[in-house]
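With PDB, C-alpha atoms, pLDDT in the B column inside, this is query_2.pdb:
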ATOM      1  CA  MET A   1      25.769 -28.296  67.539  1.00 58.00           C
ATOM      2  CA  SER A   2      26.341 -27.419  63.903  1.00 61.00           C
ATOM      3  CA  TYR A   3      23.735 -27.721  61.212  1.00 61.00           C
ATOM      4  CA  PRO A   4      24.591 -28.793  57.651  1.00 61.00           C
ATOM      5  CA  LEU A   5      24.040 -26.188  54.880  1.00 61.00           C
ATOM      6  CA  ASN A   6      20.802 -26.661  52.983  1.00 60.00           C
ATOM      7  CA  LYS A   7      21.732 -26.816  49.278  1.00 64.00           C
ATOM      8  CA  THR A   8      18.190 -27.237  47.939  1.00 69.00           C
ATOM      9  CA  GLY A   9      17.208 -23.544  47.978  1.00 66.00           C
ATOM     10  CA  ILE A  10      17.581 -20.947  45.208  1.00 75.00           C
ATOM     11  CA  SER A  11      19.704 -17.909  45.788  1.00 82.00           C
ATOM     12  CA  LEU A  12      18.555 -14.388  44.975  1.00 85.00           C
ATOM     13  CA  SER A  13      21.170 -14.029  42.232  1.00 88.00           C
ATOM     14  CA  GLU A  14      19.860 -17.168  40.483  1.00 87.00           C
ATOM     15  CA  VAL A  15      16.312 -15.815  40.577  1.00 89.00           C
ATOM     16  CA  LEU A  16      17.427 -12.451  39.173  1.00 92.00           C
ATOM     17  CA  PHE A  17      19.519 -14.089  36.440  1.00 92.00           C
ATOM     18  CA  SER A  18      16.679 -16.382  35.333  1.00 93.00           C
ATOM     19  CA  SER A  19      14.253 -13.418  35.391  1.00 94.00           C
ATOM     20  CA  LEU A  20      16.635 -11.465  33.165  1.00 95.00           C
ATOM     21  CA  ILE A  21      16.867 -14.313  30.659  1.00 96.00           C
ATOM     22  CA  LEU A  22      13.081 -14.733  30.624  1.00 95.00           C
ATOM     23  CA  THR A  23      12.616 -10.978  30.093  1.00 96.00           C
ATOM     24  CA  ILE A  24      15.058 -10.946  27.155  1.00 96.00           C
ATOM     25  CA  VAL A  25      13.271 -13.885  25.513  1.00 95.00           C
ATOM     26  CA  LEU A  26       9.821 -12.342  25.993  1.00 96.00           C
ATOM     27  CA  VAL A  27      10.915  -8.941  24.683  1.00 96.00           C
ATOM     28  CA  SER A  28      12.460 -10.600  21.598  1.00 96.00           C
ATOM     29  CA  VAL A  29       9.273 -12.531  20.877  1.00 95.00           C
ATOM     30  CA  LEU A  30       7.175  -9.394  21.383  1.00 96.00           C
ATOM     31  CA  LEU A  31       9.372  -7.389  18.985  1.00 96.00           C
ATOM     32  CA  VAL A  32       9.073 -10.069  16.308  1.00 95.00           C
ATOM     33  CA  PHE A  33       5.291 -10.079  16.774  1.00 95.00           C
ATOM     34  CA  ILE A  34       5.076  -6.280  16.495  1.00 95.00           C
ATOM     35  CA  GLN A  35       7.231  -6.301  13.337  1.00 95.00           C
ATOM     36  CA  SER A  36       5.073  -8.968  11.706  1.00 95.00           C
ATOM     37  CA  VAL A  37       1.852  -7.067  12.490  1.00 94.00           C
ATOM     38  CA  ASP A  38       3.383  -3.868  11.083  1.00 92.00           C
ATOM     39  CA  MET A  39       4.565  -5.651   7.933  1.00 93.00           C
ATOM     40  CA  SER A  40       1.155  -7.251   7.459  1.00 94.00           C
ATOM     41  CA  SER A  41      -0.551  -3.876   7.723  1.00 92.00           C
ATOM     42  CA  ARG A  42       1.858  -2.310   5.217  1.00 91.00           C
ATOM     43  CA  ILE A  43       1.338  -5.160   2.772  1.00 93.00           C
ATOM     44  CA  ASP A  44      -2.423  -4.679   3.082  1.00 94.00           C
ATOM     45  CA  TYR A  45      -2.042  -0.999   2.127  1.00 93.00           C
ATOM     46  CA  GLN A  46       0.188  -1.900  -0.836  1.00 93.00           C
ATOM     47  CA  TYR A  47      -2.279  -4.538  -2.015  1.00 95.00           C
ATOM     48  CA  THR A  48      -5.157  -2.054  -1.821  1.00 94.00           C
ATOM     49  CA  ALA A  49      -3.069   0.565  -3.667  1.00 94.00           C
ATOM     50  CA  ALA A  50      -2.321  -1.920  -6.472  1.00 95.00           C
ATOM     51  CA  ASN A  51      -6.016  -2.760  -6.783  1.00 95.00           C
ATOM     52  CA  LEU A  52      -6.925   0.932  -6.873  1.00 95.00           C
ATOM     53  CA  ALA A  53      -4.410   1.472  -9.690  1.00 94.00           C
ATOM     54  CA  LYS A  54      -5.810  -1.437 -11.720  1.00 95.00           C
ATOM     55  CA  ASN A  55      -9.370  -0.297 -11.060  1.00 93.00           C
ATOM     56  CA  GLY A  56      -8.451   3.213 -12.246  1.00 91.00           C
ATOM     57  CA  ILE A  57      -7.530   1.813 -15.654  1.00 92.00           C
ATOM     58  CA  GLU A  58     -10.714  -0.250 -15.781  1.00 91.00           C
ATOM     59  CA  ARG A  59     -12.800   2.833 -14.914  1.00 88.00           C
ATOM     60  CA  ILE A  60     -11.268   4.710 -17.854  1.00 88.00           C
ATOM     61  CA  ARG A  61     -11.910   1.784 -20.211  1.00 86.00           C
ATOM     62  CA  SER A  62     -15.504   1.598 -19.035  1.00 86.00           C
ATOM     63  CA  ALA A  63     -16.026   5.363 -19.345  1.00 81.00           C
ATOM     64  CA  MET A  64     -14.450   5.311 -22.792  1.00 79.00           C
ATOM     65  CA  ASN A  65     -16.841   2.574 -23.932  1.00 78.00           C
ATOM     66  CA  THR A  66     -19.908   4.461 -22.698  1.00 80.00           C
ATOM     67  CA  SER A  67     -19.030   8.029 -23.705  1.00 76.00           C
ATOM     68  CA  GLY A  68     -17.963   8.159 -27.300  1.00 75.00           C
ATOM     69  CA  GLY A  69     -15.337   5.474 -27.596  1.00 80.00           C
ATOM     70  CA  PHE A  70     -11.649   5.662 -28.345  1.00 81.00           C
ATOM     71  CA  ASN A  71     -11.772   8.967 -30.235  1.00 80.00           C
ATOM     72  CA  SER A  72     -13.453  10.709 -27.307  1.00 81.00           C
ATOM     73  CA  LEU A  73     -10.626   9.634 -24.996  1.00 82.00           C
ATOM     74  CA  TYR A  74      -7.940  10.428 -27.585  1.00 82.00           C
ATOM     75  CA  ASN A  75      -9.284  13.932 -28.310  1.00 82.00           C
ATOM     76  CA  ASN A  76     -10.073  14.883 -24.692  1.00 82.00           C
ATOM     77  CA  PRO A  77      -7.807  12.973 -22.290  1.00 84.00           C
ATOM     78  CA  THR A  78      -7.901  15.669 -19.592  1.00 84.00           C
ATOM     79  CA  GLU A  79     -11.541  14.822 -18.900  1.00 84.00           C
ATOM     80  CA  TYR A  80     -10.391  11.542 -17.360  1.00 85.00           C
ATOM     81  CA  GLU A  81      -7.100  12.608 -15.764  1.00 90.00           C
ATOM     82  CA  GLU A  82      -6.605  13.075 -12.023  1.00 90.00           C
ATOM     83  CA  THR A  83      -3.805  14.645  -9.993  1.00 92.00           C
ATOM     84  CA  ASP A  84      -3.351  13.459  -6.407  1.00 92.00           C
ATOM     85  CA  THR A  85      -7.042  12.786  -5.835  1.00 93.00           C
ATOM     86  CA  THR A  86      -7.521  11.544  -2.280  1.00 93.00           C
ATOM     87  CA  VAL A  87      -9.626   8.371  -2.310  1.00 94.00           C
ATOM     88  CA  ASN A  88     -10.738   5.723   0.145  1.00 93.00           C
ATOM     89  CA  GLY A  89     -10.037   1.996  -0.127  1.00 91.00           C
ATOM     90  CA  GLU A  90     -12.889   1.563  -2.632  1.00 91.00           C
ATOM     91  CA  GLY A  91     -11.537   4.244  -4.974  1.00 88.00           C
ATOM     92  CA  ASP A  92     -14.218   6.825  -4.214  1.00 90.00           C
ATOM     93  CA  ALA A  93     -13.149  10.439  -3.719  1.00 89.00           C
ATOM     94  CA  ASP A  94     -12.817  11.025   0.010  1.00 91.00           C
ATOM     95  CA  ILE A  95     -10.973  13.951   1.587  1.00 91.00           C
ATOM     96  CA  ASN A  96     -10.140  11.727   4.582  1.00 92.00           C
ATOM     97  CA  GLY A  97      -9.040   8.785   2.440  1.00 92.00           C
ATOM     98  CA  SER A  98      -5.750   6.969   2.926  1.00 93.00           C
ATOM     99  CA  PHE A  99      -4.829   6.814  -0.759  1.00 95.00           C
ATOM    100  CA  ARG A 100      -3.899   9.342  -3.470  1.00 95.00           C
ATOM    101  CA  ARG A 101      -4.476   8.494  -7.100  1.00 95.00           C
ATOM    102  CA  THR A 102      -2.958  10.172 -10.145  1.00 94.00           C
ATOM    103  CA  ILE A 103      -4.109   9.265 -13.655  1.00 94.00           C
ATOM    104  CA  ASN A 104      -2.059  10.376 -16.661  1.00 94.00           C
ATOM    105  CA  ILE A 105      -3.378   9.819 -20.183  1.00 91.00           C
ATOM    106  CA  THR A 106      -0.936  10.349 -23.029  1.00 90.00           C
ATOM    107  CA  PRO A 107      -2.186  10.060 -26.612  1.00 89.00           C
ATOM    108  CA  ASP A 108       0.586   8.997 -29.004  1.00 84.00           C
ATOM    109  CA  THR A 109       0.840  11.904 -31.430  1.00 80.00           C
ATOM    110  CA  SER A 110       2.904   9.925 -33.932  1.00 83.00           C
ATOM    111  CA  ASN A 111       0.246   7.221 -34.091  1.00 76.00           C
ATOM    112  CA  ASN A 112      -3.302   8.384 -33.497  1.00 77.00           C
ATOM    113  CA  ARG A 113      -4.353   4.834 -32.680  1.00 82.00           C
ATOM    114  CA  LEU A 114      -2.502   4.539 -29.341  1.00 88.00           C
ATOM    115  CA  ILE A 115      -3.149   5.962 -25.899  1.00 89.00           C
ATOM    116  CA  GLN A 116      -0.990   5.295 -22.849  1.00 91.00           C
ATOM    117  CA  ILE A 117      -2.720   5.288 -19.472  1.00 93.00           C
ATOM    118  CA  GLU A 118      -0.719   5.327 -16.255  1.00 95.00           C
ATOM    119  CA  VAL A 119      -2.331   5.206 -12.819  1.00 95.00           C
ATOM    120  CA  SER A 120      -0.170   5.813  -9.743  1.00 96.00           C
ATOM    121  CA  VAL A 121      -1.352   5.358  -6.170  1.00 96.00           C
ATOM    122  CA  THR A 122       0.369   6.302  -2.919  1.00 95.00           C
ATOM    123  CA  TYR A 123      -0.918   5.580   0.551  1.00 94.00           C
ATOM    124  CA  LYS A 124      -0.885   7.137   3.975  1.00 93.00           C
ATOM    125  CA  TYR A 125       0.518   4.863   6.663  1.00 90.00           C
ATOM    126  CA  ARG A 126       0.475   5.968  10.282  1.00 88.00           C
ATOM    127  CA  GLY A 127      -0.353   9.505   9.212  1.00 88.00           C
ATOM    128  CA  VAL A 128       2.543   9.834   6.731  1.00 89.00           C
ATOM    129  CA  TRP A 129       2.209   9.706   2.941  1.00 90.00           C
ATOM    130  CA  LYS A 130       4.541   6.982   1.635  1.00 88.00           C
ATOM    131  CA  THR A 131       5.520   8.562  -1.677  1.00 85.00           C
ATOM    132  CA  GLU A 132       8.527   6.251  -1.964  1.00 88.00           C
ATOM    133  CA  SER A 133       6.095   3.310  -2.051  1.00 87.00           C
ATOM    134  CA  ARG A 134       4.181   4.523  -5.102  1.00 91.00           C
ATOM    135  CA  ILE A 135       2.336   1.769  -6.968  1.00 93.00           C
ATOM    136  CA  SER A 136       2.022   2.367 -10.728  1.00 94.00           C
ATOM    137  CA  VAL A 137       0.137   0.471 -13.380  1.00 95.00           C
ATOM    138  CA  ALA A 138       0.300   1.382 -17.068  1.00 94.00           C
ATOM    139  CA  THR A 139      -1.359   0.103 -20.196  1.00 92.00           C
ATOM    140  CA  LEU A 140      -1.738   0.952 -23.856  1.00 90.00           C
ATOM    141  CA  LEU A 141      -5.111   1.262 -25.507  1.00 86.00           C
ATOM    142  CA  THR A 142      -5.358   0.915 -29.237  1.00 84.00           C
ATOM    143  CA  CYS A 143      -8.075   1.585 -31.729  1.00 79.00           C
ATOM    144  CA  VAL A 144      -8.447  -1.330 -34.083  1.00 73.00           C
ATOM    145  CA  LYS A 145     -10.291  -0.320 -37.247  1.00 62.00           C
TER     146      LYS A 145
END

Representation of the structure as structure tokens:
Amino acid sequence: MSYPLNKTGISLSEVLFSSLILTIVLVSVLLVFIQSVDMSSRIDYQYTAANLAKNGIERIRSAMNTSGGFNSLYNNPTEYEETDTTVNGEGDADINGSFRRTINITPDTSNNRLIQIEVSVTYKYRGVWKTESRISVATLLTCVK
């Protein structure tokens, strides 16, 4: 007596093929998720660096207003300058901070009523300083008499 072939089952090759397709889809989705988390983290560091740069200028303006005014800053800019000062996310000096701030103050010698302030901030991401991602903010201060 012969039995008819049962065509309702799934062969091993079909199971392996569908498992392969499912694995490829899941890996692709996981890679996209990892990339988006990484990009979000990097954007957060860049945003913080931009805020630190803007706050650096505001700190100089505030210090200038409380310690002798425009002439004090013009005559002694090095008092306010910084070179690669390691700071934390709030802008406070911190040897273990993830940001480096540099403040350059350049009095205009041809016009003693102008001062250029430039604040540059770099950040450390995954243990590496991202110098190519330097955020810079500059402004001019003037003395109106």

- What separation in Å, quoted to one decimal, exists between CA of Val144 (chain A) and CA of Gly68 (chain A)? 15.1 Å

- Item | Computed interatomic separation between CA of Arg61 (chain A) and CA of Asp44 (chain A) (Å) |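 Going from CA of Arg61 (chain A) over to CA of Asp44 (chain A) covers 26.0 Å.
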
- Message: Rounded to one decimal, what separation in Å do you get between CA of Ser40 (chain A) and CA of Val119 (chain A)?
- Response: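 Atom-to-atom, CA of Ser40 (chain A) to CA of Val119 (chain A), that is 24.1 Å.
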
- Of the candidates A:Asn104, A:Asn88, A:Thr142, A:Ser110, which one gets nearest to Asn51 (chain A) if we count only C-alpha atoms?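 The answer is A:Asn88, which sits nearest to Asn51 (chain A).
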
- Cut-off 9 Å around (-4.2, 8.1, 3.6) with only C-alpha atoms: residues as a PyMOL selection string: chain A and resi 86-88+96-100+122-129

- Message: Can you tell me which residues surround Thr83 (chain A) at a distance of at most 7 Å, considering all atoms listed in the file, apart from same-chain residues fewer than 5 positions away, and format the answer as number ranges by chain?
- Response: A: 101-103

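Taking all atoms listed in the file into account, Gln116 (chain A) lies nearest to A:Leu141 out of the set A:Ile43, A:Ala50, A:Ala93, A:Leu141.
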
Can you sort out the box for region 114-121 of chain A, edges along x, y and z, all listed atoms in, 8 Å on every side, with centre and edge lengths in Å to one decimal, as JSON?
{"center_x": -1.7, "center_y": 5.3, "center_z": -17.8, "size_x": 19.0, "size_y": 17.4, "size_z": 39.2}

- Message: Given the PyMOL selection byres ((chain A and resi 56) around 12) and the file above, list the residues it selects as a PyMOL selection string.
- Response: chain A and resi 49-55+57-63+80-82+85+87+90-92+100-105+117-121+136-139

- Could you give me, as a PyMOL selection string, the residues that have an atom at most 10 Å away from the point (-10.2, 10.3, -30.8) in the coordinates of the file, using all atoms listed in the file? chain A and resi 68-77+107+112-115+143

- Smallest atom-to-atom distance to Gln46 (chain A): which of A:Ser19, A:Val32, A:Ile10, A:Glu132, using all atoms listed in the file?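 Between A:Ser19, A:Val32, A:Ile10, A:Glu132, the residue approaching Gln46 (chain A) most closely is A:Glu132.
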